[in-house]
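The structure file final_38.csv is reproduced below (CSV, C-alpha atoms).
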```
chain,number,residue,atom,x,y,z
R,156,MET,CA,-28.3,-15.9,-6.2
R,157,SER,CA,-30.6,-14.5,-8.9
R,158,ASP,CA,-30.2,-15.5,-12.5
R,159,ALA,CA,-31.3,-12.0,-13.6
R,160,GLU,CA,-28.3,-10.0,-14.8
R,161,THR,CA,-29.0,-6.3,-15.4
R,162,PRO,CA,-26.7,-4.2,-17.5
R,163,PHE,CA,-25.3,-1.2,-15.6
R,164,SER,CA,-23.6,2.0,-16.6
R,165,ILE,CA,-22.1,4.6,-14.3
R,166,ALA,CA,-24.3,7.7,-14.4
R,167,VAL,CA,-23.6,10.0,-11.4
R,168,PRO,CA,-26.6,12.4,-10.9
R,169,ASP,CA,-25.9,16.0,-11.7
R,170,ASP,CA,-26.8,17.1,-8.1
R,171,GLN,CA,-24.0,14.9,-6.8
R,172,LEU,CA,-21.5,16.5,-9.2
R,173,GLU,CA,-22.6,20.0,-8.1
R,174,LEU,CA,-22.4,19.1,-4.4
R,175,LEU,CA,-18.8,17.8,-4.9
R,176,LYS,CA,-17.9,21.0,-6.7
R,177,GLN,CA,-19.2,23.1,-3.8
R,178,LYS,CA,-17.4,21.1,-1.2
R,179,LEU,CA,-14.1,21.3,-3.1
R,180,GLU,CA,-14.5,25.1,-3.4
R,181,LEU,CA,-15.0,25.4,0.4
R,182,THR,CA,-12.0,23.3,1.3
R,183,ARG,CA,-10.0,24.4,4.3
R,184,PHE,CA,-6.5,23.0,4.3
R,185,PRO,CA,-4.4,22.3,7.5
R,186,ASP,CA,-1.0,23.9,8.0
R,187,GLU,CA,2.2,21.8,7.6
R,188,LEU,CA,5.6,21.8,9.4
R,189,GLU,CA,8.7,22.9,7.5
R,190,ASP,CA,10.5,20.1,5.7
R,191,ALA,CA,7.8,17.6,6.8
R,192,GLY,CA,8.1,15.6,3.6
R,193,ARG,CA,6.0,12.4,3.8
R,194,ASP,CA,6.9,11.8,7.4
R,195,TYR,CA,3.6,13.1,8.8
R,196,GLY,CA,1.4,11.8,6.0
R,197,ALA,CA,0.2,13.0,2.6
R,198,PRO,CA,2.2,16.3,1.8
R,199,LEU,CA,0.1,19.5,1.8
R,200,ALA,CA,1.5,20.5,-1.7
R,201,ASP,CA,0.3,17.2,-3.2
R,202,ILE,CA,-3.2,17.5,-1.8
R,203,GLN,CA,-3.6,21.1,-2.8
R,204,ARG,CA,-2.5,20.3,-6.3
R,205,LEU,CA,-4.8,17.4,-6.6
R,206,THR,CA,-7.7,19.3,-5.1
R,207,GLU,CA,-7.3,22.2,-7.6
R,208,TYR,CA,-7.1,19.7,-10.4
R,209,TRP,CA,-10.2,17.8,-9.2
R,210,LYS,CA,-12.2,21.0,-9.0
R,211,ASP,CA,-11.0,22.7,-12.2
R,212,VAL,CA,-10.2,19.8,-14.6
R,213,HIS,CA,-11.2,16.4,-13.5
R,214,LEU,CA,-14.7,17.1,-12.2
R,215,PRO,CA,-15.8,19.3,-15.2
R,216,LYS,CA,-14.8,16.3,-17.4
R,217,TRP,CA,-16.3,13.6,-15.2
R,218,ARG,CA,-18.8,12.6,-17.9
R,219,GLU,CA,-15.8,11.8,-20.1
R,220,HIS,CA,-14.1,9.7,-17.4
R,221,GLU,CA,-17.5,8.0,-16.7
R,222,ALA,CA,-18.0,7.2,-20.4
R,223,LYS,CA,-14.5,5.7,-20.7
R,224,LEU,CA,-15.1,3.4,-17.7
R,225,ASN,CA,-18.4,2.3,-19.2
R,226,GLU,CA,-16.7,1.7,-22.5
R,227,GLU,CA,-13.8,-0.3,-21.1
R,228,LEU,CA,-15.7,-2.3,-18.4
R,229,PRO,CA,-18.9,-4.2,-19.2
R,230,GLN,CA,-20.9,-3.8,-16.0
R,231,PHE,CA,-23.9,-5.5,-14.5
R,232,THR,CA,-25.8,-5.9,-11.3
R,233,ARG,CA,-27.8,-8.8,-9.9
R,234,ASP,CA,-29.4,-9.6,-6.6
R,235,ILE,CA,-27.7,-12.0,-4.2
R,236,GLU,CA,-29.3,-13.5,-1.2
R,237,VAL,CA,-27.0,-13.6,1.8
R,238,ASP,CA,-28.1,-15.7,4.8
R,239,GLY,CA,-29.2,-13.4,7.6
R,240,PHE,CA,-28.8,-10.2,5.6
R,241,GLY,CA,-31.5,-10.4,3.0
R,242,THR,CA,-30.9,-9.5,-0.7
R,243,LEU,CA,-28.1,-7.3,-1.7
R,244,ASN,CA,-27.9,-5.8,-5.2
R,245,ILE,CA,-24.3,-6.4,-6.3
R,246,HIS,CA,-22.4,-4.5,-9.0
R,247,TYR,CA,-19.7,-6.3,-11.1
R,248,VAL,CA,-17.7,-6.3,-14.3
R,249,HIS,CA,-18.2,-9.3,-16.5
R,250,LYS,CA,-16.3,-9.8,-19.8
R,251,LYS,CA,-16.2,-13.0,-21.7
R,252,SER,CA,-13.4,-14.2,-24.0
R,253,THR,CA,-14.1,-15.1,-27.6
R,254,VAL,CA,-12.5,-18.5,-26.7
R,255,VAL,CA,-15.3,-20.9,-25.9
R,256,ASP,CA,-13.2,-22.9,-23.5
R,257,ALA,CA,-11.8,-19.9,-21.6
R,258,VAL,CA,-11.4,-20.4,-17.9
R,259,PRO,CA,-13.8,-18.7,-15.6
R,260,LEU,CA,-11.9,-16.3,-13.2
R,261,LEU,CA,-13.2,-14.3,-10.3
R,262,PHE,CA,-11.2,-11.1,-9.4
R,263,VAL,CA,-11.8,-9.7,-5.9
R,264,HIS,CA,-10.4,-6.3,-4.8
R,265,GLY,CA,-9.8,-4.9,-1.3
R,266,TRP,CA,-9.5,-1.5,0.4
R,267,PRO,CA,-8.8,1.1,-0.8
R,268,GLY,CA,-9.4,-0.5,-4.2
R,269,SER,CA,-12.5,-1.3,-6.2
R,270,PHE,CA,-13.6,-2.9,-9.3
R,271,VAL,CA,-11.5,-0.4,-11.2
R,272,GLU,CA,-8.4,-2.4,-10.3
R,273,VAL,CA,-9.3,-4.8,-13.0
R,274,ARG,CA,-9.1,-2.1,-15.7
R,275,LYS,CA,-5.6,-2.9,-17.0
R,276,ILE,CA,-5.6,-6.6,-16.7
R,277,LEU,CA,-9.1,-7.2,-18.2
R,278,PRO,CA,-8.1,-6.9,-21.9
R,279,LEU,CA,-5.0,-9.1,-21.3
R,280,LEU,CA,-7.0,-11.8,-19.5
R,281,VAL,CA,-9.6,-12.2,-22.2
R,282,GLU,CA,-7.1,-12.0,-25.0
R,283,ALA,CA,-7.3,-15.1,-27.3
R,284,SER,CA,-3.9,-16.6,-28.3
R,285,PRO,CA,-2.5,-20.1,-29.2
R,286,ASP,CA,0.4,-19.3,-26.9
R,287,HIS,CA,-1.5,-18.7,-23.6
R,288,PRO,CA,-4.8,-19.4,-21.9
R,289,SER,CA,-7.8,-17.0,-22.1
R,290,PHE,CA,-10.2,-16.3,-19.2
R,291,HIS,CA,-13.8,-15.3,-18.8
R,292,VAL,CA,-13.6,-12.6,-16.1
R,293,VAL,CA,-15.9,-11.4,-13.3
R,294,ALA,CA,-14.6,-8.6,-11.2
R,295,ILE,CA,-17.0,-8.2,-8.3
R,296,GLY,CA,-17.7,-5.0,-6.4
R,297,LEU,CA,-17.7,-6.1,-2.8
R,298,PRO,CA,-20.8,-5.1,-0.7
R,299,ASN,CA,-20.2,-1.5,0.6
R,300,TYR,CA,-17.9,-0.7,-2.3
R,301,GLY,CA,-18.4,1.1,-5.6
R,302,PHE,CA,-21.9,0.6,-6.9
R,303,SER,CA,-22.8,-2.5,-4.9
R,304,GLN,CA,-25.4,-2.2,-2.1
R,305,GLY,CA,-24.2,-2.7,1.4
R,306,PRO,CA,-25.7,-4.5,4.4
R,307,SER,CA,-27.7,-2.5,7.0
R,308,LYS,CA,-27.0,-4.9,9.9
R,309,LYS,CA,-24.0,-5.7,12.0
R,310,GLY,CA,-21.8,-8.8,11.6
R,311,PHE,CA,-21.1,-9.0,7.9
R,312,LYS,CA,-17.9,-11.0,8.1
R,313,CYS,CA,-15.5,-12.8,5.8
R,314,GLU,CA,-18.0,-15.8,5.5
R,315,GLN,CA,-20.7,-13.4,4.2
R,316,TYR,CA,-18.3,-11.8,1.7
R,317,ALA,CA,-17.4,-15.3,0.5
R,318,GLU,CA,-21.0,-16.7,0.6
R,319,LYS,CA,-22.2,-18.2,-2.7
R,320,ARG,CA,-19.3,-16.7,-4.6
R,321,SER,CA,-18.1,-20.1,-5.7
R,322,HIS,CA,-16.2,-19.9,-9.0
R,323,GLN,CA,-13.7,-22.0,-11.0
R,324,LEU,CA,-10.6,-19.8,-10.5
R,325,LEU,CA,-10.0,-17.2,-7.8
R,326,LYS,CA,-7.7,-14.1,-7.9
R,327,GLY,CA,-7.4,-11.7,-5.1
R,328,GLY,CA,-5.2,-9.1,-3.3
R,329,ASP,CA,-5.7,-7.2,0.0
R,330,TRP,CA,-9.1,-8.2,1.5
R,331,GLY,CA,-9.6,-10.0,-1.8
R,332,ALA,CA,-6.8,-12.4,-0.9
R,333,LEU,CA,-8.6,-13.4,2.4
R,334,ILE,CA,-12.0,-13.5,0.8
R,335,THR,CA,-10.9,-15.8,-2.1
R,336,LYS,CA,-9.0,-17.9,0.4
R,337,ARG,CA,-12.2,-18.3,2.4
R,338,ILE,CA,-14.1,-19.1,-0.8
R,339,ALA,CA,-11.5,-21.8,-1.5
R,340,GLN,CA,-12.0,-23.3,1.9
R,341,LEU,CA,-15.8,-23.2,1.8
R,342,TYR,CA,-16.4,-24.2,-1.9
R,343,GLY,CA,-13.2,-26.0,-3.0
R,344,PRO,CA,-12.7,-28.3,-4.7
R,345,LYS,CA,-16.3,-28.9,-5.8
R,346,HIS,CA,-17.0,-25.4,-7.1
R,347,SER,CA,-13.6,-23.6,-6.8
R,348,LYS,CA,-10.7,-25.3,-8.5
R,349,ALA,CA,-7.7,-23.1,-7.8
R,350,TRP,CA,-6.7,-19.7,-6.6
R,351,HIS,CA,-4.0,-17.2,-6.9
R,352,THR,CA,-2.9,-14.2,-4.8
R,353,ASN,CA,-0.4,-11.4,-5.0
R,354,MET,CA,-0.6,-10.8,-1.3
R,355,PRO,CA,0.6,-14.1,0.3
R,356,LEU,CA,0.3,-14.2,4.0
R,357,ALA,CA,1.7,-16.4,6.8
R,358,GLY,CA,2.3,-15.9,10.5
R,359,PRO,CA,5.7,-16.3,12.1
R,360,PRO,CA,6.5,-19.9,13.0
R,361,GLN,CA,5.3,-21.2,16.3
R,362,LEU,CA,7.2,-23.8,18.3
R,363,THR,CA,4.0,-25.8,19.1
R,364,GLN,CA,2.8,-25.8,15.5
R,365,SER,CA,5.9,-26.0,13.4
R,366,PRO,CA,8.9,-26.9,15.6
R,367,LEU,CA,11.4,-27.4,12.7
R,368,LEU,CA,10.3,-24.1,11.0
R,369,PHE,CA,10.5,-22.4,14.4
R,370,LEU,CA,14.1,-23.6,14.8
R,371,SER,CA,15.1,-22.7,11.3
R,372,HIS,CA,13.9,-19.1,12.0
R,373,TYR,CA,16.7,-18.8,14.5
R,374,LEU,CA,19.3,-21.1,13.1
R,375,PHE,CA,19.4,-20.2,9.4
R,376,LYS,CA,19.9,-16.8,7.9
R,377,TYR,CA,17.4,-15.2,5.5
R,378,SER,CA,18.4,-14.1,2.0
R,379,PRO,CA,18.9,-10.4,1.3
R,380,LYS,CA,15.5,-10.3,-0.5
R,381,GLU,CA,13.8,-12.0,2.4
R,382,ARG,CA,15.4,-9.6,4.8
R,383,ALA,CA,14.3,-6.7,2.7
R,384,GLY,CA,10.8,-8.2,2.8
R,385,ILE,CA,10.9,-8.4,6.6
R,386,ASP,CA,12.1,-4.8,6.8
R,387,ARG,CA,9.2,-3.8,4.5
R,388,THR,CA,6.7,-5.6,6.8
R,389,ASN,CA,8.2,-4.0,9.9
R,390,TRP,CA,8.0,-0.5,8.2
R,391,PHE,CA,4.3,-1.1,7.5
R,392,GLU,CA,3.5,-2.3,11.0
R,393,GLU,CA,5.4,0.6,12.6
R,394,LYS,CA,4.7,3.5,10.2
R,395,GLY,CA,1.9,2.6,7.9
R,396,SER,CA,-0.7,0.7,9.8
R,397,GLY,CA,-2.4,3.5,11.9
R,398,TYR,CA,-5.4,3.5,9.6
R,399,PHE,CA,-5.9,-0.2,10.3
R,400,LYS,CA,-6.3,0.4,14.0
R,401,GLU,CA,-8.9,3.2,13.5
R,402,GLN,CA,-10.9,1.4,10.9
R,403,SER,CA,-10.9,-1.9,12.9
R,404,THR,CA,-12.0,-0.2,16.1
R,405,GLN,CA,-13.9,3.0,15.6
R,406,PRO,CA,-14.9,3.1,11.9
R,407,GLN,CA,-18.0,5.2,12.4
R,408,THR,CA,-16.0,8.1,13.9
R,409,LEU,CA,-13.7,8.2,10.9
R,410,GLY,CA,-16.6,7.8,8.6
R,411,TYR,CA,-18.0,11.3,9.3
R,412,SER,CA,-14.8,12.8,7.8
R,413,LEU,CA,-14.7,10.5,4.8
R,414,ALA,CA,-18.4,11.0,4.0
R,415,ASP,CA,-18.4,14.8,4.4
R,416,SER,CA,-15.0,15.9,3.1
R,417,PRO,CA,-13.9,14.9,-0.4
R,418,VAL,CA,-10.4,16.3,0.4
R,419,GLY,CA,-10.3,14.3,3.6
R,420,LEU,CA,-11.2,11.2,1.6
R,421,LEU,CA,-8.6,12.1,-1.0
R,422,GLY,CA,-5.8,12.5,1.6
R,423,TRP,CA,-6.8,9.2,3.3
R,424,ILE,CA,-6.6,7.2,0.1
R,425,TYR,CA,-3.8,9.0,-1.7
R,426,GLU,CA,-1.4,8.3,1.1
R,427,LYS,CA,-1.9,4.6,0.6
R,428,LEU,CA,-1.7,4.8,-3.2
R,429,VAL,CA,1.7,6.3,-2.9
R,430,ASN,CA,3.1,4.4,0.1
R,431,TRP,CA,1.9,1.0,-0.9
R,432,THR,CA,3.2,1.1,-4.5
R,433,ASP,CA,6.7,0.8,-5.9
R,434,GLU,CA,7.2,4.4,-7.1
R,435,TYR,CA,4.2,4.0,-9.5
R,436,PRO,CA,3.8,7.3,-11.5
R,437,TRP,CA,0.2,8.1,-10.6
R,438,THR,CA,-1.4,10.8,-12.8
R,439,GLU,CA,-3.9,13.2,-11.4
R,440,ASP,CA,-6.7,11.6,-13.4
R,441,GLU,CA,-5.9,8.1,-12.2
R,442,VAL,CA,-5.9,9.2,-8.5
R,443,LEU,CA,-9.1,11.2,-8.8
R,444,THR,CA,-11.0,8.6,-10.8
R,445,TRP,CA,-10.0,6.1,-8.1
R,446,VAL,CA,-11.1,8.4,-5.3
R,447,SER,CA,-14.3,9.5,-7.1
R,448,ILE,CA,-15.5,6.0,-7.2
R,449,TYR,CA,-15.4,6.0,-3.4
R,450,TRP,CA,-17.0,9.5,-3.2
R,451,PHE,CA,-19.9,8.5,-5.6
R,452,SER,CA,-20.2,5.0,-4.2
R,453,ARG,CA,-23.7,3.7,-3.6
R,454,ALA,CA,-23.2,3.0,0.2
R,455,GLY,CA,-20.9,6.0,0.7
R,456,PRO,CA,-17.2,6.1,1.4
R,457,ALA,CA,-17.7,5.5,5.2
R,458,ALA,CA,-19.3,2.1,4.5
R,459,SER,CA,-16.1,0.7,2.8
R,460,ILE,CA,-14.1,0.7,6.0
R,461,ARG,CA,-16.5,-1.4,8.1
R,462,ILE,CA,-15.0,-4.6,6.8
R,463,TYR,CA,-12.1,-4.0,9.1
R,464,TYR,CA,-14.3,-3.8,12.2
R,465,GLU,CA,-16.5,-6.8,11.2
R,466,ILE,CA,-13.7,-9.2,10.3
R,467,LEU,CA,-11.4,-8.2,13.1
R,468,GLN,CA,-14.1,-9.0,15.7
R,469,GLY,CA,-13.2,-12.6,14.8
R,470,SER,CA,-9.4,-11.9,15.1
R,471,LEU,CA,-7.3,-11.1,12.0
R,472,GLU,CA,-4.8,-13.6,13.2
R,473,GLY,CA,-7.3,-16.4,12.8
R,474,VAL,CA,-8.2,-15.1,9.3
R,475,SER,CA,-4.7,-14.4,8.0
R,476,GLN,CA,-2.9,-17.4,9.5
R,477,ASN,CA,-5.4,-20.1,8.6
R,478,MET,CA,-4.3,-20.1,4.9
R,479,ALA,CA,-4.5,-23.8,4.1
R,480,THR,CA,-7.0,-24.6,1.4
R,481,PRO,CA,-8.0,-27.9,-0.4
R,482,ILE,CA,-7.3,-26.5,-3.9
R,483,PRO,CA,-4.1,-25.6,-5.7
R,484,LEU,CA,-2.6,-22.1,-5.0
R,485,GLY,CA,-0.3,-19.8,-6.8
R,486,HIS,CA,1.8,-16.8,-5.4
R,487,SER,CA,3.1,-13.7,-7.1
R,488,TYR,CA,5.7,-11.9,-5.1
R,489,PHE,CA,6.1,-8.1,-5.4
R,490,PRO,CA,8.8,-6.4,-3.3
R,491,LYS,CA,6.8,-3.4,-2.2
R,492,GLU,CA,3.7,-5.4,-1.0
R,493,ILE,CA,2.7,-4.1,2.5
R,494,ALA,CA,3.5,-7.5,4.1
R,495,VAL,CA,6.4,-9.6,2.6
R,496,HIS,CA,6.9,-12.8,4.4
R,497,PRO,CA,9.8,-15.3,4.1
R,498,ARG,CA,9.2,-18.1,1.6
R,499,ARG,CA,9.6,-20.9,4.2
R,500,TRP,CA,6.8,-19.4,6.2
R,501,LEU,CA,4.5,-19.2,3.2
R,502,LYS,CA,5.3,-22.8,2.1
R,503,ALA,CA,4.6,-24.2,5.5
R,504,ALA,CA,1.3,-22.3,5.8
R,505,ASN,CA,0.2,-23.3,2.3
R,506,PRO,CA,0.6,-27.0,1.6
R,507,THR,CA,-1.2,-26.8,-1.7
R,508,LEU,CA,1.2,-24.1,-3.1
R,509,ILE,CA,2.1,-25.2,-6.6
R,510,PHE,CA,3.2,-22.0,-8.3
R,511,GLU,CA,5.5,-19.1,-7.3
R,512,SER,CA,6.8,-16.1,-9.3
R,513,GLU,CA,9.1,-13.4,-8.0
R,514,HIS,CA,9.2,-9.9,-9.5
R,515,GLU,CA,11.9,-7.2,-9.1
R,516,SER,CA,9.4,-4.3,-8.8
R,517,GLY,CA,5.8,-3.7,-7.9
R,518,GLY,CA,3.7,-3.2,-4.8
R,519,HIS,CA,0.3,-3.7,-3.3
R,520,PHE,CA,-1.8,-2.8,-6.3
R,521,ALA,CA,-0.1,-5.3,-8.7
R,522,ALA,CA,-3.0,-5.5,-11.1
R,523,TYR,CA,-2.7,-1.8,-11.7
R,524,GLU,CA,1.1,-1.3,-11.3
R,525,ARG,CA,2.3,-4.4,-13.1
R,526,PRO,CA,-0.6,-5.7,-15.2
R,527,GLU,CA,1.6,-7.6,-17.7
R,528,ALA,CA,3.6,-9.3,-15.0
R,529,LEU,CA,0.5,-10.4,-13.0
R,530,VAL,CA,-1.3,-11.7,-16.0
R,531,GLY,CA,1.9,-13.4,-17.2
R,532,ASP,CA,1.9,-15.3,-13.9
R,533,LEU,CA,-1.7,-16.4,-14.4
R,534,ARG,CA,-0.9,-17.6,-17.9
R,535,LYS,CA,2.0,-19.6,-16.7
R,536,MET,CA,0.1,-21.1,-13.8
R,537,PHE,CA,-2.9,-22.2,-15.9
R,538,GLY,CA,-1.3,-22.5,-19.3
R,539,ARG,CA,0.0,-25.6,-21.1
R,540,GLY,CA,2.9,-27.0,-19.1
R,541,GLY,CA,1.8,-25.0,-16.0
R,542,PRO,CA,1.1,-26.8,-12.7
R,543,ALA,CA,-2.6,-25.9,-12.8
R,544,PHE,CA,-3.3,-26.6,-16.5
R,545,GLY,CA,-6.7,-28.2,-17.1
R,546,VAL,CA,-7.7,-27.8,-13.4
R,547,VAL,CA,-11.2,-26.8,-14.6
R,548,PRO,CA,-12.7,-29.7,-16.5
R,549,GLY,CA,-13.4,-28.9,-20.1
R,550,LYS,CA,-12.0,-25.3,-19.7
R,551,THR,CA,-8.4,-25.2,-20.8
R,552,GLY,CA,-8.4,-21.6,-21.9
R,553,PHE,CA,-7.5,-22.5,-25.5
```
Structure rendered as C-alpha cells:
Amino acid sequence: MSDAETPFSIAVPDDQLELLKQKLELTRFPDELEDAGRDYGAPLADIQRLTEYWKDVHLPKWREHEAKLNEELPQFTRDIEVDGFGTLNIHYVHKKSTVVDAVPLLFVHGWPGSFVEVRKILPLLVEASPDHPSFHVVAIGLPNYGFSQGPSKKGFKCEQYAEKRSHQLLKGGDWGALITKRIAQLYGPKHSKAWHTNMPLAGPPQLTQSPLLFLSHYLFKYSPKERAGIDRTNWFEEKGSGYFKEQSTQPQTLGYSLADSPVGLLGWIYEKLVNWTDEYPWTEDEVLTWVSIYWFSRAGPAASIRIYYEILQGSLEGVSQNMATPIPLGHSYFPKEIAVHPRRWLKAANPTLIFESEHESGGHFAAYERPEALVGDLRKMFGRGGPAFGVVPGKTGF
C-alpha cells in the first residue's frame, strides 16, 4: 500500500453531464398493468417523476450537489497493490477527530451503496465529547465502486477486497459485513481489534454441526420479533432476491442496460432503496445523488455488480456461514434488514459476540436511515463501561 495520499474532489466532466442530459431526454418508458402497485417492481409513476426531476432539476444543479459532497466528505485516493491484480487507485473518505486518542474505524459499504453511506454518521463519529468515544474514520470506496479503480482481470474475490485493509476497528453492512468479517479473520487480532455489523448473518442450524441448536429449532418457539424476522427473510428470498441471481450468474448481460440507460440504472437501484428500508422518506435529491454516483463512477455502473459473480464462485454459503472471527464482535439489529436471523443462530455462529442492540425501526441502510441509533451503538460498544472499551491499545476515544 502506498503512503502517498492524494486529495480528491468530485468533478464530473461537462461532456458526461451533457451525455446524461441527452439520454434522459430520449428515455422510452415501458407500459404498466392497472393496479400493479409495487408487485411487479418499481412503479412507473415513481420512475417517471424521478426521471423528470433528474433531467429538469437535479442534473442542472449537479455542481451544487457535487460541491456539497466535497465539502462534507474529505476525500483522497491512493494506490494499493493487490496480489495478482497489480496496483489499483482507491478512493476513500478520511476524516480525523480532534481527539488525539480517537479510535481508528474503517467503514465498508456494499451494493447498491457507496462511500456516500457514511455521509450522516461521519460528523457523529468524529464528534468530541467527554460522554462518548470519538473515532478517526476511513470510509473506503470498494474497487469498482464510486471513484475507485476496478480490476481488469477475473477472480477478484472477498480475499482481494479484504487484502491489506487491516484496521483497528471495522464497521460494515451488506458486502461490507462479509468483507470486514474476512478482514477480521485474516488480520485479527494483530492489526484488527474488533468489528461491528448491522447485517448479522448465520445459517440455519445443522444436526452435524450444532445438534443442540438443531433440536431447539424444532422444540422451542421463536419470539414474535424473531418470527417477524424469519418472515422478512422469507419475503426477501421469495420476492426480493431476483437481482441476486442475475448479478451472480450473468452480470455482463445486465451490465449493458445499467451502463447505457440512466433510467434503467435508476429503476434497478430505486427498487432496492425503497424495498430494503423501513419506510424511509427518500427525497428526489437523495435518490438521484445516490444513483448519480453510480452513473458517474470511474469503472462504470456495470462493474459494481461483478462482486456477486466473483464471490459466489466460491459459494455464498461458505462466505456467509463461516462468521467466526478471533476478535470481539458487535451486532445492531434492525427489523427491516433483508435477512433477519434468530438470535440463537447468530450467537452460535459468532462465539466472540460481545455486544447486541435491538432497534424498533430501520432497515438495510442503517447508517443512512438511523444514523444516531447506529452511532449510539458504536459509542456504547467502545465507550467507557462498554464491552470493547480500550480494545485498541492507547486509543480509548477520549
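Each of R:His246, R:Lys178, R:Lys427, R:Lys336 was checked against Met354 (chain R) using only C-alpha atoms; the smallest atom-to-atom distance is that of R:Lys336.
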Tell me, counting only C-alpha atoms, for each residue of region 362-451 of chain R within 12 Å of region 221-245 of chain R, which pair of atoms is nearest and how far apart they are in Å to one decimal, in rows ordered by chain and increasing number, as a tab-separated table.
```
residue	atom	partner	partner_atom	distance
R:Asp440	CA	R:Glu221	CA	11.9
R:Glu441	CA	R:Leu224	CA	11.7
R:Leu443	CA	R:Glu221	CA	12.0
R:Thr444	CA	R:Glu221	CA	8.8
R:Trp445	CA	R:Leu224	CA	11.2
R:Ser447	CA	R:Glu221	CA	10.2
R:Ile448	CA	R:Glu221	CA	9.9
R:Phe451	CA	R:Glu221	CA	11.4
```
Keeping C-alpha atoms for every residue in the selection just given, could you write it to a file as a JSON list (two decimals), in the coordinates of the input?
```
[["chain", "number", "residue", "atom", "x", "y", "z"],
["R", 440, "ASP", "CA", -6.70, 11.60, -13.40],
["R", 441, "GLU", "CA", -5.90, 8.10, -12.20],
["R", 443, "LEU", "CA", -9.10, 11.20, -8.80],
["R", 444, "THR", "CA", -11.00, 8.60, -10.80],
["R", 445, "TRP", "CA", -10.00, 6.10, -8.10],
["R", 447, "SER", "CA", -14.30, 9.50, -7.10],
["R", 448, "ILE", "CA", -15.50, 6.00, -7.20],
["R", 451, "PHE", "CA", -19.90, 8.50, -5.60]]
```
Legend entry - Surrounding residues of Ala528 (chain R) excluding itself and chain neighbours under 4 positions, 12 Å, only C-alpha atoms, as a PyMOL selection string: chain R and resi 275-276+279-280+353+487-489+512-518+521-524+532-535
Legend entry - Selection: 12 Å around Ser378 (chain R), only C-alpha atoms, excl. self and same-chain fewer than 4 positions, as a PyMOL selection string: chain R and resi 382-385+496-499
Legend entry - Residues near Tyr195 (chain R), cut-off 10 Å, only C-alpha atoms, skip fewer than 6 positions along chain, as a list in words: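 Residues meeting the cut-off are Glu187, Leu188 and Lys394 of chain R.
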Legend entry - Given all atoms listed in the file as the counted atoms, nearest of R:Leu260, R:Val446, R:Val255, R:Leu356 to Pro417 (chain R): R:Val446
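With all atoms listed in the file as the atoms that count, the minimum distance from Cys313 (chain R) to the choices R:Trp500, R:Tyr464, R:Tyr398, R:Phe553 is reached by R:Tyr464.
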Legend entry - Point-to-point distance in Å for CA of Ser252 (chain R) and CA of Phe290 (chain R): 6.1 Å
Inset, instruction - Record the distance separating CA of Ala494 (chain R) and CA of Gly358 (chain R), expressed in Å with one decimal. - result: 10.6 Å
Inset, instruction - Write out as a PyMOL selection string each polymer residue whose atoms come within 12 Å of Ser416 (chain R), counting all atoms listed in the file; drop sequence neighbours fewer than 6 positions from it. - result: chain R and resi 174-184+206+409-410+422-423+446+449-450+455-457
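In this structure, CA of Ser452 (chain R) sits 8.0 Å away from CA of Ser303 (chain R).
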Legend entry - From R:Lys309, R:Lys491, R:Lys400, R:His264, residue lying nearest Asp329 (chain R) [all atoms listed in the file]: R:His264
